[in-house]
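S.K.: Sharing a structure, written as structure tokens. Questions coming.
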Amino acid sequence: MNSGLLINRAVAGGLDVIGDRWSLLILRDAFLGRRRFEEIRAHTGASRATLTRRLAALVDADVLYRKAYGTGSRVEYRLTATGQELFGASLLAWQWESRWDHGEQLPARLRHSVCGSPLHPRAQCRACAEEVTLDSVDWNLPAAGLEPQFEELRSIGGQRRVRAEQATGSDRDLATVSNLIGDRWTLLILIAAFFGVRRYDDYARHLSIASNILTQRLRFLVEAEVLERIRYQQNPPRYEYRLAPRGRDLYPLVMVMRQWAEQRLPPDQRPLALRHKGCGKPLVIDVVCGECGQKPWPLDVTRSETR
Ligand SMILES: [Zn+2]
Ligand SMILES: [Zn+2]
């Protein structure tokens, strides 16, 4: 049943699998060819218990599969075809982190061997090849409004445990973005902001989030310069939380993750299609190499280790 929702429970479930700090770091490692438990553990910094649990979840979700190697019972983890489809999301996460966290002093360290250029991934509309940004997509909210959307989004919250564990691995790439996207509350607040929510009370109401958690996450997002805190009333002072440029730039990544979750559903269970304003067609996002326009595959991307 297509219920007129932009995000439904199944999509929320899919986001829950990949929208996790450890899943993002495990995927990064998988795309870099790291396949073995100890190797992934060293690079992500996840505890054994956490890594075991997240690898099992990714195998369940058909993102990774186990393959025996050597003699005995050792296994390594490889990307399935479904998992390979997440490469675009991983590249966008990488780009975001390079752009906003390392600044200009970091030249692109990923190279697209097909065209020989540094890899600058670009999220574009499949129909017209225009770049996809927050302003270029029509959310076209159904008459029912936001409430049913958030009802579904809250179901993410019910599935996830609170983790205090931080990524402390030897590979710091994606450390910032995995804390933003990989925390269920910050992800929900971000999606709410994409829907146009700005005020504290509205975040609290839509997300059914405890006020201490909301206050803490909003402060974190303001400190990370993803949201801006703007006073909209003098007396008593009241504030709005609006997307800053860093936050708006997370939009293509979140949308590509949503699309991945959606494409795994049977057509009749998919939420409402979004529309690309530029061409008016239903939105399908492709992540391509900004230089040659081809879709990059993990084997076509090389990485330079020098900073
Ligand atoms: Zn278009
Ligand atoms: Zn290229």
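The chains in the structure tokens are called A, B, ... from first to last as shown; in each chain the residues are counted from 1, and the ligands are counted from 1 in the order shown.
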Contacts of Val114 (chain A) at 9 Å or less, counting only C-alpha atoms, minus same-chain residues fewer than 3 places along, as a PyMOL selection string?
M.R.: chain A and resi 111+117+292+294+296+300-301
S.K.: Keeping only N, CA, C and O atoms, write those residues as a compact mmCIF listing (two decimals), in the first residue's frame.
M.R.:
# COMPACT_ATOMS: atom_id res chain seq x y z
N ARG A 111 40.91 8.67 -6.28
CA ARG A 111 41.11 8.93 -7.70
C ARG A 111 40.27 7.94 -8.49
O ARG A 111 40.14 6.77 -8.13
N SER A 117 41.06 11.23 -12.91
CA SER A 117 40.91 12.47 -12.13
C SER A 117 40.67 12.15 -10.66
O SER A 117 40.18 11.07 -10.32
N CYS A 292 33.95 12.74 -15.17
CA CYS A 292 33.60 12.02 -16.40
C CYS A 292 32.13 11.61 -16.45
O CYS A 292 31.66 11.12 -17.48
N GLN A 294 30.65 9.16 -15.10
CA GLN A 294 30.37 7.72 -14.98
C GLN A 294 30.13 7.35 -13.53
O GLN A 294 30.65 7.99 -12.62
N PRO A 296 31.02 5.48 -10.44
CA PRO A 296 32.24 4.78 -10.02
C PRO A 296 31.93 3.47 -9.27
O PRO A 296 30.95 3.40 -8.54
N ASP A 300 37.29 0.69 -9.30
CA ASP A 300 37.81 1.77 -10.17
C ASP A 300 38.33 2.94 -9.37
O ASP A 300 38.68 3.97 -9.94
N VAL A 301 38.34 2.82 -8.06
CA VAL A 301 38.75 3.96 -7.24
C VAL A 301 40.01 3.59 -6.47
O VAL A 301 40.06 2.56 -5.80
S.K.: Around ligand 2, which protein and nucleic acid residues have at least one atom no more than 8 Å from it, if we count only C-alpha atoms and all ligand atoms? List them as a list in words.
M.R.: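 Those residues are His112, Ser113, Val114, Cys115, Gly116, Ser117, Pro118, Leu119, Val288, Cys289, Gly290, Glu291, Cys292, Gly293, Gln294, Lys295 and Pro296 of chain A.
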S.K.: Considering only C-alpha atoms and all ligand atoms, tabulate each residue of chain A that lies at most 10 Å from ligand 1 along with its nearest interatomic pair and the corresponding distance in Å to one decimal; arrange the rows by chain and ascending residue number and present them as a Markdown table.
M.R.:
| residue | atom | partner | partner_atom_place_in_ligand_line | distance |
| --- | --- | --- | --- | --- |
| A:Gln124 | CA | ligand 1 | 1 (Zn) | 7.8 |
| A:Cys125 | CA | ligand 1 | 1 (Zn) | 4.6 |
| A:Arg126 | CA | ligand 1 | 1 (Zn) | 6.6 |
| A:Ala127 | CA | ligand 1 | 1 (Zn) | 4.9 |
| A:Cys128 | CA | ligand 1 | 1 (Zn) | 4.1 |
| A:Ala129 | CA | ligand 1 | 1 (Zn) | 6.2 |
| A:Glu130 | CA | ligand 1 | 1 (Zn) | 5.8 |
| A:Glu131 | CA | ligand 1 | 1 (Zn) | 8.2 |
| A:Val132 | CA | ligand 1 | 1 (Zn) | 8.1 |
| A:Ser136 | CA | ligand 1 | 1 (Zn) | 8.7 |
| A:Val137 | CA | ligand 1 | 1 (Zn) | 9.0 |
| A:Arg275 | CA | ligand 1 | 1 (Zn) | 8.1 |
| A:His276 | CA | ligand 1 | 1 (Zn) | 5.0 |
| A:Lys277 | CA | ligand 1 | 1 (Zn) | 6.8 |
| A:Gly278 | CA | ligand 1 | 1 (Zn) | 5.1 |
| A:Cys279 | CA | ligand 1 | 1 (Zn) | 4.2 |
| A:Gly280 | CA | ligand 1 | 1 (Zn) | 6.4 |
| A:Lys281 | CA | ligand 1 | 1 (Zn) | 5.9 |
| A:Pro282 | CA | ligand 1 | 1 (Zn) | 7.9 |
| A:Leu283 | CA | ligand 1 | 1 (Zn) | 6.8 |
| A:Val284 | CA | ligand 1 | 1 (Zn) | 8.4 |
| A:Ile285 | CA | ligand 1 | 1 (Zn) | 9.1 |
S.K.: At what distance in Å, to one decimal, does CA of Arg28 (chain A) lie from CA of Ala56 (chain A)?
M.R.: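 That distance, rounded to one decimal, is 16.5 Å.
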S.K.: Give me the residues near region 91-100 of chain A as a list in words, where near means some atom within 7 Å (using only C-alpha atoms) and where sequence neighbours in that chain fewer than 3 positions away do not count.
M.R.: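 Within the cut-off, the hits are Phe87, Gly88, Gly103, Leu106, Pro121, Leu174, Thr176, Val177, Arg246 and Leu253 of chain A.
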S.K.: Can you list every residue in region 49-228 of chain A that DSSP puts in strand (DSSP E or B), as a list in words?
M.R.: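 Residues of region 49-228 of chain A classed as strand (DSSP E or B): Leu64, Tyr65, Arg66, Lys67, Ala68, Val75, Glu76, Tyr77, Arg78, Leu79, Leu110, Arg111, His112, Ser117, Pro118, Pro121, Arg122, Ala123, Gln124, Cys125, Glu131, Val137, Asp138, Arg199, Leu227 and Glu228 of chain A.
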S.K.: Would you save the residues of that selection, restricted to C-alpha atoms, as a CSV table (one decimal), in the first residue's frame?
M.R.:
chain,number,residue,atom,x,y,z
A,64,LEU,CA,27.8,-8.2,3.3
A,65,TYR,CA,28.2,-11.9,3.0
A,66,ARG,CA,30.6,-14.3,4.8
A,67,LYS,CA,33.2,-16.1,2.7
A,68,ALA,CA,35.5,-18.8,4.1
A,75,VAL,CA,35.6,-16.1,7.3
A,76,GLU,CA,35.9,-12.7,5.7
A,77,TYR,CA,33.2,-10.2,4.9
A,78,ARG,CA,32.6,-9.1,1.4
A,79,LEU,CA,30.1,-6.7,-0.2
A,110,LEU,CA,40.4,9.2,-4.0
A,111,ARG,CA,41.1,8.9,-7.7
A,112,HIS,CA,38.8,7.6,-10.4
A,117,SER,CA,40.9,12.5,-12.1
A,118,PRO,CA,40.6,13.0,-8.4
A,121,PRO,CA,31.3,12.5,-6.4
A,122,ARG,CA,28.2,14.3,-7.6
A,123,ALA,CA,24.6,13.4,-6.7
A,124,GLN,CA,22.5,14.1,-9.8
A,125,CYS,CA,19.0,13.5,-11.1
A,131,GLU,CA,22.9,18.3,-9.3
A,137,VAL,CA,13.6,18.7,-4.6
A,138,ASP,CA,9.8,19.1,-4.1
A,199,ARG,CA,11.6,25.4,16.5
A,227,LEU,CA,22.5,23.8,12.5
A,228,GLU,CA,22.4,27.5,13.3
S.K.: Find the spatial neighbours of Ala193 (chain A), counting only C-alpha atoms, within a cut-off of 8 Å - ignore same-chain residues fewer than 4 positions away - and output them as a PDB file with N, CA and C atoms, in the first residue's frame.
M.R.:
ATOM      1  N   ILE A 189      16.690  14.423  13.749  1.00  0.00           N
ATOM      2  CA  ILE A 189      16.604  15.886  13.811  1.00  0.00           C
ATOM      3  C   ILE A 189      16.941  16.481  12.442  1.00  0.00           C
ATOM      4  N   VAL A 197      11.258  21.749   9.729  1.00  0.00           N
ATOM      5  CA  VAL A 197      11.062  22.000  11.156  1.00  0.00           C
ATOM      6  C   VAL A 197      12.199  22.892  11.669  1.00  0.00           C
ATOM      7  N   ARG A 198      11.857  23.880  12.516  1.00  0.00           N
ATOM      8  CA  ARG A 198      12.876  24.814  12.994  1.00  0.00           C
ATOM      9  C   ARG A 198      12.866  25.047  14.496  1.00  0.00           C
ATOM     10  N   ARG A 242      18.109  26.327  12.410  1.00  0.00           N
ATOM     11  CA  ARG A 242      18.017  26.218  10.951  1.00  0.00           C
ATOM     12  C   ARG A 242      19.246  25.518  10.394  1.00  0.00           C
ATOM     13  N   LEU A 243      19.069  24.904   9.236  1.00  0.00           N
ATOM     14  CA  LEU A 243      20.192  24.221   8.593  1.00  0.00           C
ATOM     15  C   LEU A 243      21.253  25.225   8.176  1.00  0.00           C
TER      16      LEU A 243
END
S.K.: Mind listing the helix (DSSP H, G or I) residues of region 30-247 of chain A, per DSSP on the backbone, as a ChimeraX atom specification?
M.R.: /A:30-31,37-44,48-60,81-84,87-105,134-136,147-159,175-181,184-194,200-207,211-223,245-247
S.K.: If we count only C-alpha atoms, what is near Glu39 (chain A) at a cut-off of 12 Å, once residues fewer than 4 positions away on the same chain are taken out, given as a list in words?
M.R.: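 Once the adjacent positions are removed, what remains is Ile26, Asp29, Ala30, Leu32, Gly33, Arg34, Arg35, His43, Thr44, Gly45, Ala46, Arg48, Leu51, Glu76, Tyr77, Gly169, Ser170 and Asp171 of chain A.
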S.K.: Smallest atom-to-atom distance to Asn179 (chain A): which of A:Ile213, A:Ala224, A:Leu15, A:Leu27, using only C-alpha atoms?
M.R.: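 So, comparing all the options, the nearest one is A:Ala224.
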S.K.: How many Å separate CA of Leu134 (chain A) from CA of Gly247 (chain A)?
M.R.: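 Atom-to-atom, CA of Leu134 (chain A) to CA of Gly247 (chain A), that is 10.0 Å.
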S.K.: Would you list the contacts of Ala261 (chain A) as a PDB file with all heavy atoms, in the first residue's frame, taking every protein, DNA or RNA residue within 10 Å and counting only C-alpha atoms, but skipping same-chain residues closer than 6 positions in sequence?
M.R.:
ATOM      1  N   ILE A   7       8.374   8.777   3.808  1.00  0.00           N
ATOM      2  CA  ILE A   7       9.239   7.839   4.528  1.00  0.00           C
ATOM      3  C   ILE A   7       8.316   6.902   5.289  1.00  0.00           C
ATOM      4  O   ILE A   7       7.461   7.349   6.032  1.00  0.00           O
ATOM      5  CB  ILE A   7      10.167   8.588   5.501  1.00  0.00           C
ATOM      6  CG1 ILE A   7      11.158   9.429   4.705  1.00  0.00           C
ATOM      7  CG2 ILE A   7      10.882   7.617   6.423  1.00  0.00           C
ATOM      8  CD1 ILE A   7      12.222  10.113   5.508  1.00  0.00           C
ATOM      9  N   ALA A  10       9.278   0.715   6.558  1.00  0.00           N
ATOM     10  CA  ALA A  10      10.300  -0.141   5.945  1.00  0.00           C
ATOM     11  C   ALA A  10      11.546   0.671   5.585  1.00  0.00           C
ATOM     12  O   ALA A  10      12.676   0.222   5.775  1.00  0.00           O
ATOM     13  CB  ALA A  10       9.729  -0.831   4.714  1.00  0.00           C
ATOM     14  N   VAL A  11      11.329   1.874   5.074  1.00  0.00           N
ATOM     15  CA  VAL A  11      12.471   2.729   4.765  1.00  0.00           C
ATOM     16  C   VAL A  11      13.205   3.108   6.047  1.00  0.00           C
ATOM     17  O   VAL A  11      14.435   3.100   6.116  1.00  0.00           O
ATOM     18  CB  VAL A  11      12.026   3.993   3.987  1.00  0.00           C
ATOM     19  CG1 VAL A  11      13.126   5.037   3.972  1.00  0.00           C
ATOM     20  CG2 VAL A  11      11.646   3.615   2.565  1.00  0.00           C
ATOM     21  N   ALA A  12      12.425   3.405   7.071  1.00  0.00           N
ATOM     22  CA  ALA A  12      13.044   3.736   8.356  1.00  0.00           C
ATOM     23  C   ALA A  12      13.899   2.572   8.849  1.00  0.00           C
ATOM     24  O   ALA A  12      15.000   2.757   9.370  1.00  0.00           O
ATOM     25  CB  ALA A  12      11.966   4.093   9.379  1.00  0.00           C
ATOM     26  N   GLY A  13      13.402   1.346   8.637  1.00  0.00           N
ATOM     27  CA  GLY A  13      14.166   0.162   9.037  1.00  0.00           C
ATOM     28  C   GLY A  13      15.464   0.042   8.254  1.00  0.00           C
ATOM     29  O   GLY A  13      16.510  -0.286   8.812  1.00  0.00           O
ATOM     30  N   GLY A  14      15.399   0.323   6.951  1.00  0.00           N
ATOM     31  CA  GLY A  14      16.601   0.274   6.121  1.00  0.00           C
ATOM     32  C   GLY A  14      17.608   1.329   6.535  1.00  0.00           C
ATOM     33  O   GLY A  14      18.810   1.077   6.600  1.00  0.00           O
ATOM     34  N   LEU A  15      17.099   2.510   6.854  1.00  0.00           N
ATOM     35  CA  LEU A  15      17.993   3.576   7.324  1.00  0.00           C
ATOM     36  C   LEU A  15      18.646   3.184   8.637  1.00  0.00           C
ATOM     37  O   LEU A  15      19.768   3.563   8.921  1.00  0.00           O
ATOM     38  CB  LEU A  15      17.202   4.879   7.534  1.00  0.00           C
ATOM     39  CG  LEU A  15      16.932   5.723   6.302  1.00  0.00           C
ATOM     40  CD1 LEU A  15      16.087   6.936   6.677  1.00  0.00           C
ATOM     41  CD2 LEU A  15      18.228   6.172   5.652  1.00  0.00           C
ATOM     42  N   ASP A  16      17.895   2.419   9.422  1.00  0.00           N
ATOM     43  CA  ASP A  16      18.440   2.012  10.714  1.00  0.00           C
ATOM     44  C   ASP A  16      19.651   1.094  10.545  1.00  0.00           C
ATOM     45  O   ASP A  16      20.578   1.131  11.341  1.00  0.00           O
ATOM     46  CB  ASP A  16      17.358   1.310  11.534  1.00  0.00           C
ATOM     47  CG  ASP A  16      17.796   1.126  12.972  1.00  0.00           C
ATOM     48  OD1 ASP A  16      18.251   2.122  13.563  1.00  0.00           O
ATOM     49  OD2 ASP A  16      17.704   0.002  13.481  1.00  0.00           O
ATOM     50  N   VAL A  17      19.627   0.272   9.485  1.00  0.00           N
ATOM     51  CA  VAL A  17      20.739  -0.657   9.261  1.00  0.00           C
ATOM     52  C   VAL A  17      22.003   0.097   8.868  1.00  0.00           C
ATOM     53  O   VAL A  17      23.089  -0.144   9.406  1.00  0.00           O
ATOM     54  CB  VAL A  17      20.382  -1.676   8.151  1.00  0.00           C
ATOM     55  CG1 VAL A  17      21.601  -2.517   7.805  1.00  0.00           C
ATOM     56  CG2 VAL A  17      19.245  -2.555   8.598  1.00  0.00           C
ATOM     57  N   ILE A  18      21.869   1.038   7.933  1.00  0.00           N
ATOM     58  CA  ILE A  18      23.074   1.708   7.437  1.00  0.00           C
ATOM     59  C   ILE A  18      23.340   3.025   8.142  1.00  0.00           C
ATOM     60  O   ILE A  18      24.458   3.496   8.160  1.00  0.00           O
ATOM     61  CB  ILE A  18      23.024   1.925   5.906  1.00  0.00           C
ATOM     62  CG1 ILE A  18      21.722   2.612   5.502  1.00  0.00           C
ATOM     63  CG2 ILE A  18      23.196   0.610   5.175  1.00  0.00           C
ATOM     64  CD1 ILE A  18      21.732   3.079   4.065  1.00  0.00           C
ATOM     65  N   LEU A  86      25.741   0.775  -2.189  1.00  0.00           N
ATOM     66  CA  LEU A  86      25.932   1.821  -1.180  1.00  0.00           C
ATOM     67  C   LEU A  86      27.220   2.615  -1.396  1.00  0.00           C
ATOM     68  O   LEU A  86      27.523   3.526  -0.630  1.00  0.00           O
ATOM     69  CB  LEU A  86      25.951   1.197   0.222  1.00  0.00           C
ATOM     70  CG  LEU A  86      24.568   0.853   0.768  1.00  0.00           C
ATOM     71  CD1 LEU A  86      24.678  -0.082   1.960  1.00  0.00           C
ATOM     72  CD2 LEU A  86      23.838   2.134   1.170  1.00  0.00           C
ATOM     73  N   MET A 255      19.524  11.556   1.361  1.00  0.00           N
ATOM     74  CA  MET A 255      18.570  11.152   0.323  1.00  0.00           C
ATOM     75  C   MET A 255      19.014   9.889  -0.410  1.00  0.00           C
ATOM     76  O   MET A 255      18.194   9.065  -0.801  1.00  0.00           O
ATOM     77  CB  MET A 255      18.403  12.293  -0.687  1.00  0.00           C
ATOM     78  CG  MET A 255      17.745  13.510  -0.105  1.00  0.00           C
ATOM     79  SD  MET A 255      16.167  13.113   0.652  1.00  0.00           S
ATOM     80  CE  MET A 255      15.215  12.824  -0.816  1.00  0.00           C
ATOM     81  N   ARG A 270       6.609   0.933  -1.461  1.00  0.00           N
ATOM     82  CA  ARG A 270       7.492   2.100  -1.452  1.00  0.00           C
ATOM     83  C   ARG A 270       6.717   3.358  -1.090  1.00  0.00           C
ATOM     84  O   ARG A 270       5.560   3.502  -1.479  1.00  0.00           O
ATOM     85  CB  ARG A 270       8.136   2.284  -2.835  1.00  0.00           C
ATOM     86  CG  ARG A 270       9.123   1.176  -3.106  1.00  0.00           C
ATOM     87  CD  ARG A 270       9.797   1.357  -4.443  1.00  0.00           C
ATOM     88  NE  ARG A 270      10.529   0.139  -4.747  1.00  0.00           N
ATOM     89  CZ  ARG A 270      11.066  -0.137  -5.926  1.00  0.00           C
ATOM     90  NH1 ARG A 270      10.960   0.730  -6.912  1.00  0.00           N
ATOM     91  NH2 ARG A 270      11.710  -1.260  -6.114  1.00  0.00           N
TER      92      ARG A 270
END
S.K.: Enter the distance from CA of Leu24 (chain A) to CA of Ser178 (chain A), in Å, rounded to one decimal.
M.R.: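 Answer for the CA of Leu24 (chain A) to CA of Ser178 (chain A) separation: 6.3 Å.
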